Amino acid sequence: MATVEFEGNSFTVDEDGFIDNFTSWNNSWVKYVKTQEGIDELTKEHWDVINVLQDYYKKNGIAPMVRILSKLTGFKLKHIYELFPSGPGKGACKMAGLPKPTGCV
């Protein structure tokens, strides 16, 4: 596992850059991933997706499928891709501190 240093924080990440431990997640991680994803500014809609992902993960231990994420946020899938250019699995789940999804997220 590799280590990422950002804003005085140290994060252990897997080979795909996903944080290794959900409890290590904090706002510095979000800022780090934002820069990696090429997102200039996080909006309320970004945070809505992040919060839904985290809530779902806390309850179910996995990330929701894209249809469920779309339903829970009220955002069309196309809009989620506009918010997170690398997609709900790679960008949004990574930013939310979830492990790399194994299914269709």
# chains A, B, ... in the order shown; residues from 1 in each chain; ligands from 1

$ residues_around --residues "Asn9 (chain A)" --least-positions-apart "6" --cutoff "10 Å" --atoms "only C-alpha atoms" --output "list in words"
Ser24, Asn26, Ser28 and Trp29 of chain A

$ write_last_selection --atoms "C-alpha atoms" --output "PDB file, in the first residue's frame"
ATOM      1  CA  SER A  24      -9.489   7.838   7.920  1.00  0.00           C
ATOM      2  CA  ASN A  26     -11.769  13.747   6.313  1.00  0.00           C
ATOM      3  CA  SER A  28      -8.440  16.982   3.440  1.00  0.00           C
ATOM      4  CA  TRP A  29      -9.034  13.689   1.618  1.00  0.00           C
TER       5      TRP A  29
END

$ residues_around --residues "region 47-49 of chain A" --least-positions-apart "2" --cutoff "10 Å" --atoms "only C-alpha atoms" --output "JSON, numbers by chain"
{"A": [30, 42, 43, 44, 45, 51, 52, 53, 54, 55, 69, 70, 72, 73, 74, 75, 80, 83, 84, 88, 92, 93, 95, 96]}

$ write_last_selection --atoms "C-alpha atoms" --output "mmCIF file, in the first residue's frame"
data_model
loop_
_atom_site.group_PDB
_atom_site.id
_atom_site.type_symbol
_atom_site.label_atom_id
_atom_site.label_comp_id
_atom_site.auth_asym_id
_atom_site.auth_seq_id
_atom_site.Cartn_x
_atom_site.Cartn_y
_atom_site.Cartn_z
ATOM 1 C CA VAL A 30 -11.907 15.305 -0.280
ATOM 2 C CA LEU A 42 -17.185 21.392 -4.855
ATOM 3 C CA THR A 43 -20.840 22.351 -4.916
ATOM 4 C CA LYS A 44 -23.748 21.382 -2.690
ATOM 5 C CA GLU A 45 -24.579 18.731 -5.301
ATOM 6 C CA ASN A 51 -23.159 12.199 1.852
ATOM 7 C CA VAL A 52 -25.553 9.721 0.201
ATOM 8 C CA LEU A 53 -22.645 7.410 -0.634
ATOM 9 C CA GLN A 54 -21.328 7.546 2.915
ATOM 10 C CA ASP A 55 -24.746 7.017 4.499
ATOM 11 C CA LEU A 69 -27.426 6.371 -6.237
ATOM 12 C CA SER A 70 -29.407 8.230 -8.875
ATOM 13 C CA LEU A 72 -31.338 8.473 -3.637
ATOM 14 C CA THR A 73 -29.807 11.750 -4.837
ATOM 15 C CA GLY A 74 -32.544 12.632 -7.303
ATOM 16 C CA PHE A 75 -29.826 13.286 -9.911
ATOM 17 C CA ILE A 80 -23.542 12.547 -11.641
ATOM 18 C CA LEU A 83 -20.200 16.294 -11.213
ATOM 19 C CA PHE A 84 -17.619 13.483 -11.106
ATOM 20 C CA PRO A 88 -19.652 7.510 -9.606
ATOM 21 C CA ALA A 92 -17.439 9.864 -6.245
ATOM 22 C CA CYS A 93 -16.751 6.728 -4.203
ATOM 23 C CA MET A 95 -13.911 11.117 -2.775
ATOM 24 C CA ALA A 96 -16.420 9.772 -0.253
#

$ select_by_dssp --residues "chain A" --states "helix (DSSP H, G or I)" --output "ChimeraX atom specification"
/A:22-24,27-37,44-60,66-73,77-83,87-96

$ atom_distance --atom1 "CA of Phe18 (chain A)" --atom2 "CA of Ile50 (chain A)"
14.4 Å

$ closest_residue --among "A:Thr23, A:Pro101, A:Met1, A:Gly8" --to "Ile62 (chain A)" --atoms "only C-alpha atoms"
A:Pro101

$ closest_residue --among "A:Glu5, A:Asp20, A:Glu15, A:Glu82" --to "Gly38 (chain A)" --atoms "only C-alpha atoms"
A:Glu82

$ atom_distance --atom1 "CA of Lys100 (chain A)" --atom2 "CA of Ser10 (chain A)"
18.8 Å

$ closest_residue --among "A:Ser86, A:Glu7, A:Met65, A:Thr102" --to "Asn27 (chain A)" --atoms "only C-alpha atoms"
A:Glu7

$ closest_residue --among "A:Val66, A:Gly17, A:Gly87, A:Tyr57" --to "Gln36 (chain A)" --atoms "only C-alpha atoms"
A:Gly17

$ select_by_dssp --residues "chain A" --states "strand (DSSP E or B)" --output "ChimeraX atom specification"
/A:2-6,9-13,19
